file final_20.cif (mmCIF, C-alpha atoms)
data_my_file
#
loop_
_atom_site.group_PDB
_atom_site.id
_atom_site.type_symbol
_atom_site.label_atom_id
_atom_site.label_comp_id
_atom_site.auth_asym_id
_atom_site.auth_seq_id
_atom_site.Cartn_x
_atom_site.Cartn_y
_atom_site.Cartn_z
ATOM 1 C CA MET A 1 -13.248 62.508 -37.159
ATOM 2 C CA LEU A 2 -14.126 59.083 -38.561
ATOM 3 C CA ASP A 3 -15.318 60.773 -41.746
ATOM 4 C CA ASP A 4 -11.643 61.191 -42.674
ATOM 5 C CA PHE A 5 -10.732 58.106 -44.708
ATOM 6 C CA LEU A 6 -7.078 58.280 -43.680
ATOM 7 C CA VAL A 7 -7.978 58.283 -39.986
ATOM 8 C CA ARG A 8 -10.248 55.273 -40.508
ATOM 9 C CA ALA A 9 -7.421 53.502 -42.351
ATOM 10 C CA ALA A 10 -4.993 54.189 -39.499
ATOM 11 C CA ILE A 11 -7.442 52.891 -36.890
ATOM 12 C CA ALA A 12 -8.043 49.774 -38.993
ATOM 13 C CA GLY A 13 -4.308 49.145 -39.363
ATOM 14 C CA VAL A 14 -3.740 49.441 -35.626
ATOM 15 C CA GLY A 15 -6.664 47.086 -34.988
ATOM 16 C CA VAL A 16 -5.180 44.412 -37.246
ATOM 17 C CA ALA A 17 -1.759 44.868 -35.592
ATOM 18 C CA LEU A 18 -3.340 44.399 -32.158
ATOM 19 C CA ALA A 19 -4.513 40.902 -33.075
ATOM 20 C CA ALA A 20 -1.749 39.906 -35.491
ATOM 21 C CA GLY A 21 1.103 40.712 -33.080
ATOM 22 C CA PRO A 22 0.534 38.114 -30.338
ATOM 23 C CA LEU A 23 -0.931 35.584 -32.756
ATOM 24 C CA GLY A 24 2.048 36.019 -35.084
ATOM 25 C CA SER A 25 4.331 35.259 -32.150
ATOM 26 C CA PHE A 26 2.662 31.876 -31.736
ATOM 27 C CA VAL A 27 2.849 31.315 -35.494
ATOM 28 C CA ILE A 28 6.637 31.755 -35.278
ATOM 29 C CA TRP A 29 7.088 29.739 -32.091
ATOM 30 C CA ARG A 30 5.117 26.844 -33.532
ATOM 31 C CA ARG A 31 6.631 27.159 -37.026
ATOM 32 C CA MET A 32 3.150 27.687 -38.489
ATOM 33 C CA ALA A 33 4.146 30.153 -41.231
ATOM 34 C CA TYR A 34 2.918 27.884 -44.022
ATOM 35 C CA PHE A 35 -0.243 27.215 -42.036
ATOM 36 C CA GLY A 36 -0.988 30.937 -41.886
ATOM 37 C CA ASP A 37 -0.221 31.314 -45.576
ATOM 38 C CA ALA A 38 -2.626 28.531 -46.540
ATOM 39 C CA THR A 39 -5.413 29.996 -44.409
ATOM 40 C CA ALA A 40 -4.844 33.463 -45.871
ATOM 41 C CA HIS A 41 -4.891 32.210 -49.467
ATOM 42 C CA ALA A 42 -8.154 30.414 -48.773
ATOM 43 C CA ALA A 43 -9.698 33.806 -48.017
ATOM 44 C CA ILE A 44 -10.217 34.395 -51.745
ATOM 45 C CA LEU A 45 -12.363 31.267 -51.888
ATOM 46 C CA GLY A 46 -14.322 32.788 -48.998
ATOM 47 C CA VAL A 47 -14.866 35.936 -51.054
ATOM 48 C CA ALA A 48 -16.250 33.821 -53.892
ATOM 49 C CA LEU A 49 -18.561 31.974 -51.481
ATOM 50 C CA ALA A 50 -19.836 35.271 -50.085
ATOM 51 C CA LEU A 51 -20.564 36.660 -53.556
ATOM 52 C CA ILE A 52 -22.328 33.501 -54.692
ATOM 53 C CA LEU A 53 -24.490 33.252 -51.543
ATOM 54 C CA SER A 54 -24.950 37.040 -51.164
ATOM 55 C CA ILE A 55 -23.632 37.045 -47.609
ATOM 56 C CA PRO A 56 -21.152 39.498 -46.024
ATOM 57 C CA ILE A 57 -17.591 39.115 -47.310
ATOM 58 C CA THR A 58 -16.205 38.826 -43.779
ATOM 59 C CA LEU A 59 -18.594 35.971 -42.961
ATOM 60 C CA GLY A 60 -17.729 34.057 -46.133
ATOM 61 C CA THR A 61 -14.019 34.553 -45.505
ATOM 62 C CA LEU A 62 -14.345 33.432 -41.899
ATOM 63 C CA LEU A 63 -16.227 30.254 -42.856
ATOM 64 C CA ILE A 64 -13.660 29.214 -45.460
ATOM 65 C CA ALA A 65 -10.713 30.175 -43.234
ATOM 66 C CA LEU A 66 -12.158 28.004 -40.465
ATOM 67 C CA ALA A 67 -12.700 25.141 -42.915
ATOM 68 C CA MET A 68 -9.144 25.419 -44.230
ATOM 69 C CA ALA A 69 -7.660 25.611 -40.743
ATOM 70 C CA ALA A 70 -9.705 22.607 -39.609
ATOM 71 C CA THR A 71 -8.657 20.635 -42.703
ATOM 72 C CA VAL A 72 -4.980 21.388 -42.118
ATOM 73 C CA SER A 73 -5.249 20.454 -38.441
ATOM 74 C CA TRP A 74 -6.994 17.188 -39.339
ATOM 75 C CA LEU A 75 -4.310 16.278 -41.876
ATOM 76 C CA ALA A 76 -1.502 17.202 -39.479
ATOM 77 C CA ALA A 77 -2.970 14.965 -36.784
ATOM 78 C CA ARG A 78 -2.837 12.058 -39.227
ATOM 79 C CA GLY A 79 0.832 12.470 -40.026
ATOM 80 C CA HIS A 80 0.686 13.977 -43.511
ATOM 81 C CA ALA A 81 3.813 15.731 -44.810
ATOM 82 C CA MET A 82 2.724 19.282 -44.056
ATOM 83 C CA ASP A 83 5.048 21.285 -46.319
ATOM 84 C CA ALA A 84 3.693 19.659 -49.465
ATOM 85 C CA THR A 85 0.128 19.446 -48.159
ATOM 86 C CA LEU A 86 0.020 23.120 -47.206
ATOM 87 C CA GLY A 87 1.507 24.124 -50.540
ATOM 88 C CA VAL A 88 -1.151 22.172 -52.419
ATOM 89 C CA LEU A 89 -4.003 23.474 -50.257
ATOM 90 C CA ALA A 90 -2.859 27.110 -50.303
ATOM 91 C CA HIS A 91 -2.449 27.447 -54.044
ATOM 92 C CA SER A 92 -5.433 25.263 -54.880
ATOM 93 C CA ALA A 93 -7.730 27.339 -52.657
ATOM 94 C CA LEU A 94 -6.435 30.587 -54.155
ATOM 95 C CA ALA A 95 -6.841 29.350 -57.721
ATOM 96 C CA LEU A 96 -10.280 27.866 -57.041
ATOM 97 C CA GLY A 97 -11.408 31.125 -55.472
ATOM 98 C CA LEU A 98 -10.249 33.182 -58.458
ATOM 99 C CA VAL A 99 -11.980 30.777 -60.852
ATOM 100 C CA ALA A 100 -15.184 30.782 -58.779
ATOM 101 C CA ILE A 101 -15.318 34.584 -58.742
ATOM 102 C CA SER A 102 -15.205 34.603 -62.538
ATOM 103 C CA PHE A 103 -18.531 32.710 -62.527
ATOM 104 C CA VAL A 104 -20.301 35.584 -60.776
ATOM 105 C CA PRO A 105 -20.805 37.900 -63.789
ATOM 106 C CA ALA A 106 -23.494 39.959 -62.089
ATOM 107 C CA VAL A 107 -20.963 41.308 -59.598
ATOM 108 C CA ARG A 108 -18.003 43.438 -60.581
ATOM 109 C CA VAL A 109 -15.116 42.573 -58.302
ATOM 110 C CA ASP A 110 -11.839 44.421 -57.853
ATOM 111 C CA LEU A 111 -9.623 41.413 -57.240
ATOM 112 C CA SER A 112 -6.595 43.540 -56.425
ATOM 113 C CA ALA A 113 -8.458 44.877 -53.381
ATOM 114 C CA PHE A 114 -8.882 41.349 -52.034
ATOM 115 C CA LEU A 115 -5.384 40.212 -52.986
ATOM 116 C CA PHE A 116 -3.456 43.257 -51.745
ATOM 117 C CA GLY A 117 -5.962 45.051 -49.523
ATOM 118 C CA ASP A 118 -7.904 48.290 -49.821
ATOM 119 C CA ILE A 119 -7.402 49.875 -46.431
ATOM 120 C CA LEU A 120 -8.180 53.369 -47.721
ATOM 121 C CA ALA A 121 -11.728 52.202 -48.487
ATOM 122 C CA VAL A 122 -12.411 51.000 -44.937
ATOM 123 C CA GLY A 123 -15.751 52.275 -43.651
ATOM 124 C CA LYS A 124 -17.225 52.627 -40.176
ATOM 125 C CA THR A 125 -18.847 49.192 -40.362
ATOM 126 C CA ASP A 126 -15.529 47.670 -41.422
ATOM 127 C CA LEU A 127 -13.868 49.341 -38.441
ATOM 128 C CA ALA A 128 -16.411 47.815 -36.092
ATOM 129 C CA VAL A 129 -15.821 44.350 -37.569
ATOM 130 C CA ILE A 130 -12.019 44.697 -37.488
ATOM 131 C CA TRP A 131 -11.902 45.868 -33.888
ATOM 132 C CA ALA A 132 -14.494 43.353 -32.716
ATOM 133 C CA GLY A 133 -12.449 40.565 -34.289
ATOM 134 C CA ALA A 134 -9.182 41.951 -32.900
ATOM 135 C CA LEU A 135 -10.546 42.236 -29.363
ATOM 136 C CA LEU A 136 -12.013 38.734 -29.607
ATOM 137 C CA VAL A 137 -8.629 37.311 -30.626
ATOM 138 C CA VAL A 138 -6.734 39.253 -27.952
ATOM 139 C CA GLY A 139 -9.230 38.205 -25.282
ATOM 140 C CA LEU A 140 -8.954 34.576 -26.373
ATOM 141 C CA LEU A 141 -5.140 34.648 -26.286
ATOM 142 C CA VAL A 142 -5.023 36.390 -22.897
ATOM 143 C CA TRP A 143 -7.475 33.866 -21.464
ATOM 144 C CA ARG A 144 -5.472 30.871 -22.740
ATOM 145 C CA TRP A 145 -1.986 32.437 -22.581
ATOM 146 C CA ALA A 146 -0.368 30.154 -19.986
ATOM 147 C CA ARG A 147 -1.895 27.021 -21.508
ATOM 148 C CA LEU A 148 -0.925 28.049 -25.040
ATOM 149 C CA LEU A 149 2.662 28.745 -23.971
ATOM 150 C CA THR A 150 2.939 25.407 -22.200
ATOM 151 C CA ALA A 151 1.525 23.498 -25.178
ATOM 152 C CA THR A 152 3.855 25.407 -27.497
ATOM 153 C CA LEU A 153 6.899 24.667 -25.339
ATOM 154 C CA SER A 154 6.249 20.934 -25.063
ATOM 155 C CA ARG A 155 3.301 18.665 -25.815
ATOM 156 C CA GLU A 156 4.557 16.227 -23.189
ATOM 157 C CA LEU A 157 4.819 18.931 -20.525
ATOM 158 C CA ALA A 158 1.337 20.159 -21.427
ATOM 159 C CA ALA A 159 -0.130 16.667 -21.134
ATOM 160 C CA ALA A 160 1.608 16.162 -17.790
ATOM 161 C CA SER A 161 0.079 19.441 -16.589
ATOM 162 C CA GLY A 162 -3.412 18.347 -17.560
ATOM 163 C CA ILE A 163 -3.487 20.514 -20.700
ATOM 164 C CA ASP A 164 -4.767 19.112 -23.992
ATOM 165 C CA PRO A 165 -2.258 20.354 -26.628
ATOM 166 C CA ASP A 166 -4.665 19.581 -29.467
ATOM 167 C CA ARG A 167 -7.326 21.784 -27.881
ATOM 168 C CA GLU A 168 -4.841 24.637 -27.533
ATOM 169 C CA GLY A 169 -3.886 24.162 -31.169
ATOM 170 C CA LEU A 170 -7.568 24.471 -32.053
ATOM 171 C CA VAL A 171 -7.723 27.775 -30.131
ATOM 172 C CA LEU A 172 -4.893 29.134 -32.282
ATOM 173 C CA THR A 173 -6.591 27.791 -35.400
ATOM 174 C CA LEU A 174 -9.799 29.666 -34.572
ATOM 175 C CA ALA A 175 -7.881 32.855 -33.751
ATOM 176 C CA LEU A 176 -5.976 32.636 -37.027
ATOM 177 C CA ALA A 177 -9.197 32.268 -38.999
ATOM 178 C CA VAL A 178 -10.678 35.359 -37.320
ATOM 179 C CA VAL A 179 -7.556 37.439 -38.035
ATOM 180 C CA VAL A 180 -7.568 36.391 -41.691
ATOM 181 C CA ALA A 181 -11.224 37.338 -42.004
ATOM 182 C CA VAL A 182 -10.862 40.807 -40.488
ATOM 183 C CA ALA A 183 -7.471 41.605 -42.076
ATOM 184 C CA LEU A 184 -8.540 40.843 -45.647
ATOM 185 C CA LYS A 185 -9.838 44.381 -46.165
ATOM 186 C CA VAL A 186 -6.641 45.935 -44.810
ATOM 187 C CA VAL A 187 -3.721 44.094 -46.408
ATOM 188 C CA GLY A 188 -5.328 41.483 -48.656
ATOM 189 C CA ALA A 189 -5.009 37.706 -48.873
ATOM 190 C CA LEU A 190 -1.455 37.694 -50.236
ATOM 191 C CA LEU A 191 -0.081 39.944 -47.491
ATOM 192 C CA ILE A 192 -1.911 38.749 -44.367
ATOM 193 C CA ALA A 193 0.733 36.136 -43.584
ATOM 194 C CA ALA A 194 3.421 38.810 -43.893
ATOM 195 C CA MET A 195 1.720 40.972 -41.253
ATOM 196 C CA LEU A 196 1.508 37.960 -38.963
ATOM 197 C CA ILE A 197 5.136 36.942 -39.351
ATOM 198 C CA ILE A 198 7.293 40.033 -40.000
ATOM 199 C CA PRO A 199 6.403 42.161 -36.926
ATOM 200 C CA ALA A 200 6.702 39.119 -34.649
ATOM 201 C CA ALA A 201 10.019 38.123 -36.211
ATOM 202 C CA ALA A 202 11.329 41.659 -35.707
ATOM 203 C CA ALA A 203 10.117 41.721 -32.096
ATOM 204 C CA ARG A 204 11.892 38.438 -31.372
ATOM 205 C CA GLY A 205 15.219 40.165 -31.898
ATOM 206 C CA LEU A 206 14.381 42.730 -29.196
ATOM 207 C CA ALA A 207 12.362 40.855 -26.587
ATOM 208 C CA ARG A 208 13.534 38.809 -23.623
ATOM 209 C CA THR A 209 10.200 37.239 -22.670
ATOM 210 C CA PRO A 210 7.277 35.764 -24.621
ATOM 211 C CA GLU A 211 5.038 38.569 -23.371
ATOM 212 C CA GLY A 212 7.624 41.130 -24.439
ATOM 213 C CA MET A 213 7.768 39.624 -27.925
ATOM 214 C CA ALA A 214 3.981 39.686 -28.261
ATOM 215 C CA MET A 215 3.743 43.303 -27.127
ATOM 216 C CA GLY A 216 6.695 44.277 -29.294
ATOM 217 C CA ALA A 217 5.022 42.665 -32.306
ATOM 218 C CA VAL A 218 1.897 44.746 -31.667
ATOM 219 C CA GLY A 219 3.967 47.921 -31.479
ATOM 220 C CA ILE A 220 5.965 47.126 -34.620
ATOM 221 C CA GLY A 221 2.811 46.141 -36.509
ATOM 222 C CA ALA A 222 1.009 49.340 -35.517
ATOM 223 C CA THR A 223 4.049 51.476 -36.355
ATOM 224 C CA SER A 224 4.359 49.726 -39.722
ATOM 225 C CA ALA A 225 0.684 50.350 -40.468
ATOM 226 C CA LEU A 226 0.994 54.065 -39.746
ATOM 227 C CA ALA A 227 4.339 54.412 -41.534
ATOM 228 C CA GLY A 228 3.059 52.476 -44.545
ATOM 229 C CA LEU A 229 -0.036 54.649 -44.764
ATOM 230 C CA GLY A 230 2.125 57.760 -44.547
ATOM 231 C CA ALA A 231 4.385 56.504 -47.323
ATOM 232 C CA SER A 232 1.382 55.541 -49.432
ATOM 233 C CA TRP A 233 -0.059 59.043 -49.037
ATOM 234 C CA GLN A 234 3.281 60.730 -49.721
ATOM 235 C CA PHE A 235 4.457 58.651 -52.679
ATOM 236 C CA ASP A 236 1.123 57.433 -54.093
ATOM 237 C CA THR A 237 1.984 53.751 -53.602
ATOM 238 C CA PRO A 238 -0.426 50.878 -52.812
ATOM 239 C CA ALA A 239 -1.329 51.040 -49.126
ATOM 240 C CA GLY A 240 -1.266 47.314 -48.269
ATOM 241 C CA PRO A 241 2.138 46.574 -49.813
ATOM 242 C CA SER A 242 3.482 49.824 -48.338
ATOM 243 C CA ILE A 243 2.503 48.640 -44.842
ATOM 244 C CA VAL A 244 4.268 45.306 -45.347
ATOM 245 C CA THR A 245 7.322 47.094 -46.787
ATOM 246 C CA ALA A 246 7.480 49.278 -43.684
ATOM 247 C CA ALA A 247 7.351 46.176 -41.488
ATOM 248 C CA ALA A 248 10.136 44.590 -43.548
ATOM 249 C CA ALA A 249 12.227 47.732 -43.100
ATOM 250 C CA VAL A 250 11.800 47.533 -39.322
ATOM 251 C CA PHE A 251 12.808 43.866 -39.405
ATOM 252 C CA LEU A 252 15.942 44.740 -41.410
ATOM 253 C CA VAL A 253 16.911 47.503 -38.977
ATOM 254 C CA VAL A 254 16.418 45.184 -35.998
ATOM 255 C CA ALA A 255 18.438 42.419 -37.670
ATOM 256 C CA VAL A 256 21.331 44.753 -38.509
ATOM 257 C CA PHE A 257 21.250 46.316 -35.036
ATOM 258 C CA GLY A 258 21.261 42.890 -33.416
ATOM 259 C CA ARG A 259 24.230 41.729 -35.468
ATOM 260 C CA LEU A 260 26.189 44.878 -34.664
ATOM 261 C CA ARG A 261 25.399 44.508 -30.964
ATOM 262 C CA ARG A 262 26.554 40.896 -30.946
ATOM 263 C CA GLY A 263 29.667 41.844 -32.924
#
call {"tool": "encode", "arguments": {"input": "final_20.cif", "output": "C-alpha cells"}}
result
Amino acid sequence: MLDDFLVRAAIAGVGVALAAGPLGSFVIWRRMAYFGDATAHAAILGVALALILSIPITLGTLLIALAMAATVSWLAARGHAMDATLGVLAHSALALGLVAISFVPAVRVDLSAFLFGDILAVGKTDLAVIWAGALLVVGLLVWRWARLLTATLSRELAAASGIDPDREGLVLTLALAVVVAVALKVVGALLIAAMLIIPAAAARGLARTPEGMAMGAVGIGATSALAGLGASWQFDTPAGPSIVTAAAAVFLVVAVFGRLRRG
C-alpha cells in the first residue's frame, strides 16, 4: 500500500497535522506566530547547511531551527523588541539560506520543493522521520501539558506553583524546531507557519476547552491535508499550497458560522 505515492502523501500530511495541531494552539495562546515564522524561514538555511556538510536535510534543518529558536528565546529574555527582531531574523535567515545554496554548484536543488513543499515525493524513510518527529512532539506536549498550560496562563501563577516558565518555554521551542524540521518536506518553509496557525485558529472558534482546541486543530489539519491533496490531484495544483488553502477555507467557514451563531 505504501508504494502508492498518494497514500504516502496522505499519511505524511496527517502526521504533520498530529504534531502541528496542539503545538499551533500554544503558538496562538502565547502569541508566538512571528516566532514560528522565523523558525520556519530559518529552515532554508538548514537545507544549505545540510548540502554543504553532506548530512541529511532533516538533521540540518533541525539544527538551524533549534539555533534560531534558541537565539529568539535569548533575545526575548533580554527585553529586545520582538516584532522587529523576529522580522530581521526571519528574512535574513531565509535570504542567507538561498544565497548559501547557490554556492553549492555540485548539487542541483529544487528550491520550490523546500519553499512550498513536495509532499507527493515523500518516501518511506520520510514517513518514518515525519511520524517519529510527530510522536515525539505529541509525547512531549502530553507529558508537560498541565505545566505548559499554567505557564501560558500566567508566569506568576506558574512560579507560585513551582513551575519554571522559562523551562516550559524551552520545551515549546524544542517542539517547534522538531515540527519545522519534519514538516519541511510536506508544506515547505513558507507554509509551515500557516499549518501551525490556521487549523488552531479555526479550532478556537469551535472548542470550549484547551484540550478541545488542540484536538480540533489536529482534526482540521488532517482534514485540510487530505482535502488539499484531493484538490491537488483533481485540479493539478501545487500540493503544499492546496493544503494551506483548504485549511484557510475551513477557517473561513468556521468564522462565518460563528458570526451567524452569535448574530
call {"tool": "closest_residue", "arguments": {"input": "final_20.cif", "among": "A:Leu148, A:Val122, A:Ala175, A:Leu153", "to": "Ala134 in chain A", "atoms": "all atoms listed in the file"}}
result
A:Ala175
call {"tool": "resolve_selection", "arguments": {"input": "final_20.cif", "expression": "the PyMOL selection byres ((chain A and resi 173) around 12)", "output": "ChimeraX atom specification"}}
result
/A:23-24,26-27,30,32,35-36,38-39,62,65-74,137,140-141,148,166-172,174-180
call {"tool": "write_last_selection", "arguments": {"input": "final_20.cif", "atoms": "C-alpha atoms", "output": "compact mmCIF listing (two decimals), in the frame of the given file"}}
result
# COMPACT_ATOMS: atom_id res chain seq x y z
CA LEU A 23 -0.93 35.58 -32.76
CA GLY A 24 2.05 36.02 -35.08
CA PHE A 26 2.66 31.88 -31.74
CA VAL A 27 2.85 31.32 -35.49
CA ARG A 30 5.12 26.84 -33.53
CA MET A 32 3.15 27.69 -38.49
CA PHE A 35 -0.24 27.22 -42.04
CA GLY A 36 -0.99 30.94 -41.89
CA ALA A 38 -2.63 28.53 -46.54
CA THR A 39 -5.41 30.00 -44.41
CA LEU A 62 -14.34 33.43 -41.90
CA ALA A 65 -10.71 30.18 -43.23
CA LEU A 66 -12.16 28.00 -40.47
CA ALA A 67 -12.70 25.14 -42.92
CA MET A 68 -9.14 25.42 -44.23
CA ALA A 69 -7.66 25.61 -40.74
CA ALA A 70 -9.70 22.61 -39.61
CA THR A 71 -8.66 20.64 -42.70
CA VAL A 72 -4.98 21.39 -42.12
CA SER A 73 -5.25 20.45 -38.44
CA TRP A 74 -6.99 17.19 -39.34
CA VAL A 137 -8.63 37.31 -30.63
CA LEU A 140 -8.95 34.58 -26.37
CA LEU A 141 -5.14 34.65 -26.29
CA LEU A 148 -0.92 28.05 -25.04
CA ASP A 166 -4.66 19.58 -29.47
CA ARG A 167 -7.33 21.78 -27.88
CA GLU A 168 -4.84 24.64 -27.53
CA GLY A 169 -3.89 24.16 -31.17
CA LEU A 170 -7.57 24.47 -32.05
CA VAL A 171 -7.72 27.78 -30.13
CA LEU A 172 -4.89 29.13 -32.28
CA LEU A 174 -9.80 29.67 -34.57
CA ALA A 175 -7.88 32.85 -33.75
CA LEU A 176 -5.98 32.64 -37.03
CA ALA A 177 -9.20 32.27 -39.00
CA VAL A 178 -10.68 35.36 -37.32
CA VAL A 179 -7.56 37.44 -38.03
CA VAL A 180 -7.57 36.39 -41.69
call {"tool": "resolve_selection", "arguments": {"input": "final_20.cif", "expression": "the PyMOL selection byres ((chain A and resi 214) around 12)", "output": "PyMOL selection string"}}
result
chain A and resi 17-29+138+141-142+145+149+196-197+199-213+215-221
call {"tool": "axis_aligned_box", "arguments": {"input": "final_20.cif", "around": "range 156-172 of chain A", "padding_each_side": "8 Å", "output": "AutoDock Vina command-line options"}}
result
--center_x -1.5 --center_y 22.6 --center_z -24.4 --size_x 28.5 --size_y 29.0 --size_z 31.7
call {"tool": "resolve_selection", "arguments": {"input": "final_20.cif", "expression": "the PyMOL selection byres ((chain A and resi 41) around 10)", "output": "ChimeraX atom specification"}}
result
/A:36-40,42-46,65,68,89-95,97,115,180,188-193
call {"tool": "closest_atom_pairs", "arguments": {"input": "final_20.cif", "of": "range 85-198 of chain A", "to": "range 235-255 of chain A", "cutoff": "7 Å", "atoms": "all atoms listed in the file", "output": "CSV"}}
result
residue,atom,partner,partner_atom,distance
A:Phe116,CA,A:Gly240,CA,5.8
A:Gly117,CA,A:Gly240,CA,5.4
A:Asp118,CA,A:Gly240,CA,6.9
A:Ile119,CA,A:Ala239,CA,6.7
A:Val186,CA,A:Gly240,CA,6.5
A:Val187,CA,A:Gly240,CA,4.5
A:Ala194,CA,A:Val244,CA,6.7
A:Met195,CA,A:Val244,CA,6.5
A:Ile198,CA,A:Ala247,CA,6.3
call {"tool": "atom_distance", "arguments": {"input": "final_20.cif", "atom1": "CA of Thr58 in chain A", "atom2": "CA of Val129 in chain A"}}
result
8.3 Å
call {"tool": "closest_residue", "arguments": {"input": "final_20.cif", "among": "A:Leu111, A:Ala48, A:Leu120, A:Ala100", "to": "Phe5 in chain A", "atoms": "all atoms listed in the file"}}
result
A:Leu120
call {"tool": "atom_distance", "arguments": {"input": "final_20.cif", "atom1": "CA of Pro105 in chain A", "atom2": "CA of Ile57 in chain A"}}
result
16.8 Å
call {"tool": "decode", "arguments": {"input": "final_20.cif", "residues": "range 202-213 of chain A", "atoms": "N, CA and C atoms", "output": "short mmCIF file (atom, residue, chain, number, x, y, z; two decimals), in the first residue's frame"}}
result
data_model
loop_
_atom_site.label_atom_id
_atom_site.label_comp_id
_atom_site.auth_asym_id
_atom_site.auth_seq_id
_atom_site.Cartn_x
_atom_site.Cartn_y
_atom_site.Cartn_z
N ALA A 202 -8.82 28.08 13.59
CA ALA A 202 -10.16 27.60 13.26
C ALA A 202 -10.77 26.81 14.41
N ALA A 203 -9.95 25.98 15.05
CA ALA A 203 -10.45 25.16 16.17
C ALA A 203 -10.85 26.02 17.36
N ARG A 204 -10.20 27.16 17.53
CA ARG A 204 -10.53 28.03 18.66
C ARG A 204 -11.98 28.51 18.59
N GLY A 205 -12.49 28.67 17.38
CA GLY A 205 -13.87 29.12 17.24
C GLY A 205 -14.89 28.04 17.54
N LEU A 206 -14.44 26.78 17.72
CA LEU A 206 -15.36 25.68 17.97
C LEU A 206 -15.20 25.06 19.35
N ALA A 207 -14.03 25.22 19.94
CA ALA A 207 -13.71 24.50 21.18
C ALA A 207 -14.10 25.29 22.42
N ARG A 208 -14.34 24.55 23.49
CA ARG A 208 -14.67 25.16 24.78
C ARG A 208 -13.58 24.93 25.82
N THR A 209 -12.63 24.06 25.52
CA THR A 209 -11.54 23.77 26.46
C THR A 209 -10.22 23.78 25.69
N PRO A 210 -9.11 23.98 26.38
CA PRO A 210 -7.81 23.92 25.70
C PRO A 210 -7.58 22.57 25.02
N GLU A 211 -7.97 21.49 25.70
CA GLU A 211 -7.79 20.16 25.10
C GLU A 211 -8.66 20.01 23.86
N GLY A 212 -9.87 20.57 23.92
CA GLY A 212 -10.76 20.51 22.76
C GLY A 212 -10.19 21.28 21.58
N MET A 213 -9.57 22.42 21.85
CA MET A 213 -8.95 23.21 20.78
C MET A 213 -7.79 22.45 20.15
#
